[in-house]
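Containing mmCIF, C-alpha atoms: my_file.cif.
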data_target
#
loop_
_atom_site.label_atom_id
_atom_site.label_comp_id
_atom_site.auth_asym_id
_atom_site.auth_seq_id
_atom_site.Cartn_x
_atom_site.Cartn_y
_atom_site.Cartn_z
CA MET A 1 116.85 136.63 73.80
CA PRO A 2 113.35 135.24 74.55
CA LYS A 3 112.25 134.92 78.15
CA LEU A 4 110.10 132.29 79.85
CA THR A 5 108.45 132.69 83.23
CA LEU A 6 106.97 129.55 84.69
CA VAL A 7 104.77 129.28 87.75
CA ALA A 8 105.21 125.93 89.45
CA PHE A 9 101.99 125.84 91.49
CA SER A 10 101.53 122.12 91.86
CA ASP A 11 103.33 119.39 93.78
CA ASP A 12 102.28 116.72 91.30
CA LEU A 13 105.16 114.62 90.00
CA ASP A 14 103.90 114.75 86.42
CA ARG A 15 103.52 118.53 86.41
CA ALA A 16 106.97 119.00 87.95
CA ILE A 17 108.51 116.86 85.21
CA ALA A 18 106.79 118.95 82.54
CA GLY A 19 107.89 122.16 84.23
CA PHE A 20 111.56 121.27 84.58
CA LEU A 21 111.79 119.82 81.09
CA ILE A 22 110.26 122.90 79.47
CA ALA A 23 112.42 125.20 81.61
CA SER A 24 115.65 123.33 80.83
CA ARG A 25 114.88 122.99 77.15
CA ALA A 26 114.27 126.73 76.87
CA ALA A 27 117.41 127.50 78.88
CA VAL A 28 119.68 125.45 76.61
CA GLU A 29 118.12 127.30 73.69
CA GLY A 30 119.54 130.43 75.26
CA TRP A 31 116.31 131.73 76.79
CA GLU A 32 116.21 133.54 80.09
CA VAL A 33 114.09 131.30 82.33
CA VAL A 34 112.61 132.00 85.74
CA MET A 35 110.63 129.41 87.70
CA PHE A 36 108.34 130.70 90.45
CA PHE A 37 107.58 128.09 93.07
CA THR A 38 104.33 128.91 94.76
CA PHE A 39 101.78 127.18 96.95
CA TRP A 40 101.96 123.39 96.59
CA GLY A 41 104.88 123.88 94.21
CA LEU A 42 106.92 124.98 97.23
CA ALA A 43 107.01 121.32 98.27
CA ILE A 44 109.24 120.59 95.27
CA VAL A 45 111.93 122.92 96.58
CA ARG A 46 111.80 121.79 100.21
CA ASP A 47 115.14 120.35 101.20
CA PRO A 48 114.58 116.92 102.80
CA LYS A 49 117.80 117.33 104.80
CA LYS A 50 116.77 120.61 106.41
CA ARG A 51 114.43 120.54 109.37
CA VAL A 52 113.06 123.62 111.03
CA LYS A 53 111.46 123.47 114.44
CA LYS A 54 107.93 124.85 114.29
CA GLU A 55 106.11 126.07 117.36
CA GLU A 56 102.60 126.27 115.97
CA ARG A 57 100.60 123.05 115.78
CA ASN A 58 98.99 123.94 112.44
CA GLU A 59 102.37 124.66 110.90
CA ARG A 60 103.68 121.31 112.07
CA MET A 61 100.65 119.54 110.59
CA VAL A 62 101.02 121.24 107.22
CA ALA A 63 104.76 120.55 107.23
CA SER A 64 104.19 116.86 107.85
CA MET A 65 101.52 116.54 105.15
CA LEU A 66 103.44 118.36 102.43
CA PRO A 67 105.91 116.33 100.36
CA ARG A 68 109.41 116.91 101.64
CA GLY A 69 111.16 117.66 98.39
CA ALA A 70 111.14 116.50 94.79
CA ASP A 71 111.61 112.80 95.56
CA GLU A 72 108.35 112.64 97.53
CA LEU A 73 106.09 113.97 94.79
CA THR A 74 103.25 111.77 93.60
CA LEU A 75 101.25 111.54 90.38
CA SER A 76 98.17 113.70 89.83
CA HIS A 77 96.40 110.68 88.35
CA MET A 78 96.77 106.96 88.98
CA HIS A 79 98.73 107.39 92.19
CA MET A 80 96.81 104.36 93.55
CA LEU A 81 98.21 104.49 97.08
CA GLY A 82 101.71 104.75 95.69
CA LEU A 83 101.52 101.85 93.27
CA GLY A 84 101.02 104.02 90.18
CA THR A 85 103.67 106.52 91.21
CA SER A 86 106.27 103.84 91.81
CA MET A 87 105.36 102.18 88.50
CA VAL A 88 105.82 105.45 86.61
CA LYS A 89 109.13 106.13 88.39
CA LYS A 90 110.33 102.68 87.33
CA ARG A 91 109.26 103.40 83.76
CA MET A 92 111.13 106.68 83.91
CA SER A 93 114.39 105.08 84.97
CA ALA A 94 113.92 102.29 82.40
CA LYS A 95 113.73 105.06 79.79
CA LYS A 96 116.91 106.54 81.27
CA MET A 97 115.11 109.66 82.50
CA LEU A 98 116.37 111.57 85.50
CA SER A 99 114.43 111.78 88.74
CA VAL A 100 112.65 115.08 89.42
CA ALA A 101 115.32 116.01 91.98
CA GLU A 102 118.00 115.46 89.34
CA MET A 103 116.01 117.38 86.73
CA MET A 104 115.82 120.27 89.15
CA LYS A 105 119.60 120.30 89.64
CA GLU A 106 120.05 120.07 85.88
CA ALA A 107 117.71 123.01 85.24
CA LYS A 108 119.84 125.04 87.62
CA GLU A 109 122.98 123.92 85.81
CA PHE A 110 121.46 125.17 82.55
CA GLY A 111 120.91 128.58 84.11
CA VAL A 112 117.26 128.52 85.17
CA ARG A 113 116.56 130.96 88.01
CA PHE A 114 114.54 129.64 90.95
CA VAL A 115 112.30 131.96 92.92
CA ALA A 116 110.05 131.08 95.87
CA CYS A 117 106.92 133.11 96.57
CA ALA A 118 106.60 134.74 99.95
CA LEU A 119 102.86 134.74 100.61
CA PRO A 120 102.20 130.99 100.30
CA MET A 121 105.34 130.40 102.35
CA GLU A 122 103.63 132.33 105.13
CA ILE A 123 100.35 130.47 104.70
CA LEU A 124 101.97 127.05 104.71
CA GLY A 125 104.52 127.99 107.34
CA ILE A 126 107.48 127.20 105.13
CA ARG A 127 110.71 129.01 106.05
CA ARG A 128 113.52 130.08 103.76
CA GLU A 129 115.86 127.88 105.82
CA GLU A 130 114.06 124.70 104.80
CA LEU A 131 114.25 125.32 101.07
CA ILE A 132 117.02 124.05 98.83
CA ASP A 133 120.13 126.23 98.43
CA GLU A 134 119.36 126.62 94.72
CA ILE A 135 116.57 129.12 95.47
CA ASP A 136 117.91 132.45 94.21
CA GLU A 137 115.40 134.70 95.89
CA ILE A 138 112.06 135.09 97.61
CA CYS A 139 109.54 137.23 95.77
CA SER A 140 106.15 138.88 96.01
CA VAL A 141 103.33 138.67 93.49
CA GLY A 142 104.38 142.14 92.32
CA ASP A 143 107.87 140.85 91.51
CA TYR A 144 106.32 137.98 89.59
CA LEU A 145 104.14 140.33 87.54
CA ARG A 146 107.11 142.51 86.66
CA GLU A 147 109.07 139.47 85.46
CA ALA A 148 106.10 137.96 83.62
CA LYS A 149 105.27 141.25 81.90
CA GLY A 150 108.66 141.23 80.23
CA ALA A 151 108.45 137.57 79.24
CA ASP A 152 107.60 136.15 75.83
CA LEU A 153 106.00 133.07 77.31
CA ASN A 154 104.42 132.52 80.68
CA LEU A 155 103.26 129.12 81.91
CA PHE A 156 101.23 128.16 84.96
CA ILE A 157 101.81 124.52 85.77
CA MET B 1 137.78 108.93 62.23
CA THR B 2 137.59 107.93 65.85
CA ALA B 3 136.35 110.55 68.26
CA ASP B 4 138.18 111.45 71.46
CA GLU B 5 135.16 110.56 73.56
CA THR B 6 131.89 108.69 73.21
CA LEU B 7 128.53 109.32 74.82
CA ASP B 8 125.99 106.52 75.02
CA CYS B 9 122.44 107.85 74.64
CA LEU B 10 120.90 104.55 73.54
CA GLY B 11 117.42 104.15 74.99
CA MET B 12 117.09 107.81 75.89
CA ILE B 13 114.14 109.92 74.77
CA CYS B 14 114.23 113.57 73.67
CA PRO B 15 115.41 115.95 75.08
CA ARG B 16 117.74 113.76 77.21
CA PRO B 17 120.33 113.04 74.45
CA LEU B 18 120.61 116.78 73.77
CA PHE B 19 120.95 117.62 77.47
CA GLU B 20 123.58 114.93 78.01
CA THR B 21 125.50 116.09 74.95
CA LEU B 22 125.53 119.70 76.16
CA LYS B 23 126.63 118.74 79.66
CA ARG B 24 129.46 116.59 78.33
CA LEU B 25 130.60 119.27 75.87
CA ARG B 26 130.99 121.72 78.73
CA LYS B 27 133.56 119.44 80.34
CA MET B 28 135.57 118.91 77.15
CA GLU B 29 138.54 120.86 75.86
CA ILE B 30 138.15 122.99 72.76
CA GLY B 31 139.15 121.11 69.61
CA LYS B 32 138.26 117.67 71.02
CA THR B 33 135.65 115.47 69.37
CA ILE B 34 132.86 113.38 70.78
CA GLU B 35 130.73 110.67 69.23
CA VAL B 36 127.16 110.63 70.52
CA VAL B 37 125.28 107.39 69.92
CA GLY B 38 121.51 107.08 70.24
CA ASP B 39 118.39 105.51 68.85
CA TYR B 40 115.74 108.17 69.36
CA VAL B 41 115.44 109.53 65.84
CA PRO B 42 114.06 113.06 66.52
CA SER B 43 117.19 113.76 68.58
CA ILE B 44 119.34 113.82 65.43
CA ASP B 45 117.88 117.13 64.26
CA GLU B 46 117.60 118.48 67.78
CA ILE B 47 121.29 117.88 68.48
CA THR B 48 122.71 118.93 65.11
CA GLU B 49 120.64 122.13 65.03
CA MET B 50 121.77 123.06 68.53
CA MET B 51 125.40 122.35 67.69
CA ARG B 52 125.21 124.65 64.68
CA LYS B 53 123.47 127.31 66.72
CA GLN B 54 126.15 127.11 69.41
CA GLY B 55 128.94 127.15 66.86
CA HIS B 56 130.25 123.62 67.33
CA GLY B 57 131.29 121.49 64.38
CA VAL B 58 129.10 118.61 63.26
CA VAL B 59 131.77 116.35 61.78
CA SER B 60 129.50 113.52 60.68
CA VAL B 61 126.03 112.06 61.07
CA THR B 62 125.58 108.38 60.26
CA THR B 63 122.63 106.06 60.76
CA GLU B 64 122.33 102.32 60.77
CA GLY B 65 118.75 101.17 61.25
CA ARG B 66 117.46 103.16 64.22
CA VAL B 67 120.89 103.77 65.65
CA TRP B 68 122.52 107.10 64.87
CA ARG B 69 126.00 108.43 65.52
CA ILE B 70 126.84 112.12 65.56
CA VAL B 71 130.45 113.23 65.78
CA ILE B 72 130.86 116.74 67.17
CA ARG B 73 133.92 118.91 67.51
CA LYS B 74 133.91 121.38 70.38
CA MET B 75 134.75 124.75 68.88
CA ARG B 76 134.28 127.23 71.69
#

What's the structure tokens form of this structure?
Amino acid sequence: MPKLTLVAFSDDLDRAIAGFLIASRAAVEGWEVVMFFTFWGLAIVRDPKKRVKKEERNERMVASMLPRGADELTLSHMHMLGLGTSMVKKRMSAKKMLSVAEMMKEAKEFGVRFVACALPMEILGIRREELIDEIDEICSVGDYLREAKGADLNLFI
Amino acid sequence: MTADETLDCLGMICPRPLFETLKRLRKMEIGKTIEVVGDYVPSIDEITEMMRKQGHGVVSVTTEGRVWRIVIRKMR
């Protein structure tokens, strides 16, 4: 069976949509799919309901500036202080599309594996406890390379 | 024939009708039929090909203008 590894590097709404759609579409085709959430992409898998007390001031600042989960993502272009993002979200629901948070749950339902990368978690001060339960494991760049080496398709989004 | 269930995918764009069909099929009993209705034309091939690949029965495919109806029997 073909395998897809996908690096979700960005916290842009548009990129997240592309990532989850490609991942889910491949998964229903029977592919093995692994999504690696790294750097800004970690914001997508932050659980808005989970709060972790942070001692360090810098950590608290980063935590407050990062989107708290999939519903807080904004467009990479035409965000326009929120106007563009809300317009696109309205267009999405008019076209009966799911929200990014729902797409994420769906991808999981279709068997996509979710992995969070350890190093950027350290840099941004993001703890395992504040990520969504759907994260299967925390990995290193070495783990990623091993998975990607055996994949037929690797995407960096 | 009338199907046991219907799934309204009108207004949905690819791959949503396929995803919704697959999710609904999972919840159905083997042997039951479902009629999927949509108006996004590329989804016809996407759904019927996937059904064949997964071993489900495509009972009928009908179109009327842009609106299509696919009746599927869950086989496994």

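Nearest to chain A of all the residues B:Val59, B:Val41, B:Met75, B:Cys9 is B:Cys9, based on all atoms listed in the file.
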
task: Take the PyMOL selection byres ((chain A and resi 63-79) around 10), apply it to the structure above, and return the hits as a PyMOL selection string.
output: chain A and resi 10-17+40-52+54+57-62+80-89+99-104+124-126+130-132

Near chain A, 9 Å: chain B residue rows, closest pairs, only C-alpha atoms, as a Markdown table:
| residue | atom | partner | partner_atom | distance |
| --- | --- | --- | --- | --- |
| B:Cys9 | CA | A:Lys96 | CA | 8.7 |
| B:Leu10 | CA | A:Lys96 | CA | 8.9 |
| B:Gly11 | CA | A:Lys95 | CA | 6.1 |
| B:Met12 | CA | A:Lys96 | CA | 5.5 |
| B:Ile13 | CA | A:Lys95 | CA | 7.0 |
| B:Pro15 | CA | A:Arg25 | CA | 7.4 |
| B:Arg16 | CA | A:Met97 | CA | 7.2 |
| B:Phe19 | CA | A:Val28 | CA | 8.0 |
| B:Leu22 | CA | A:Val28 | CA | 8.2 |
| B:Lys23 | CA | A:Phe110 | CA | 8.7 |
| B:Met50 | CA | A:Glu29 | CA | 7.6 |
| B:Lys53 | CA | A:Glu29 | CA | 8.8 |

Please save C-alpha atoms of the selected residues as a tab-separated table (two decimals), in the coordinates of the input.
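Wrote it out as out_38.tsv, contents follow:
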chain	number	residue	atom	x	y	z
B	9	CYS	CA	122.44	107.85	74.64
B	10	LEU	CA	120.90	104.55	73.54
B	11	GLY	CA	117.42	104.15	74.99
B	12	MET	CA	117.09	107.81	75.89
B	13	ILE	CA	114.14	109.92	74.77
B	15	PRO	CA	115.41	115.95	75.08
B	16	ARG	CA	117.74	113.76	77.21
B	19	PHE	CA	120.95	117.62	77.47
B	22	LEU	CA	125.53	119.70	76.16
B	23	LYS	CA	126.63	118.74	79.66
B	50	MET	CA	121.77	123.06	68.53
B	53	LYS	CA	123.47	127.31	66.72

- request: Run the PyMOL selection byres ((chain A and resi 117) around 9) mentally over the shown coordinates, then write out the matched residues as number ranges by chain, using the chain letters and numbers from the document.
  value: A: 36-39, 42, 115-116, 118-121, 137-141, 144

message: I need the output of the PyMOL selection byres ((chain B and resi 44-48) around 12) for this file as a ChimeraX atom specification; which residues are they?
response: /A:25,28-29 /B:9,13-22,25,35-43,49-63,66-73

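Going from CA of Thr33 (chain B) over to CA of Lys108 (chain A), you cover 26.0 Å.
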
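With CA of Ile157 (chain A) on one side and CA of Phe114 (chain A) on the other, the separation reads 14.7 Å.
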
For region 139-143 of chain A, take all atoms listed in the file, fit an axis-aligned box around them, add 5 Å to each of the six sides, then output centre and edge lengths in Å rounded to one decimal, as lines of an AutoDock Vina configuration file.
center_x = 106.4
center_y = 139.7
center_z = 93.8
size_x = 16.2
size_y = 14.9
size_z = 14.5

- request: Provide the CA of Asp152 (chain A) to CA of Phe9 (chain A) distance in Å, to one decimal place.
  value: 19.6 Å
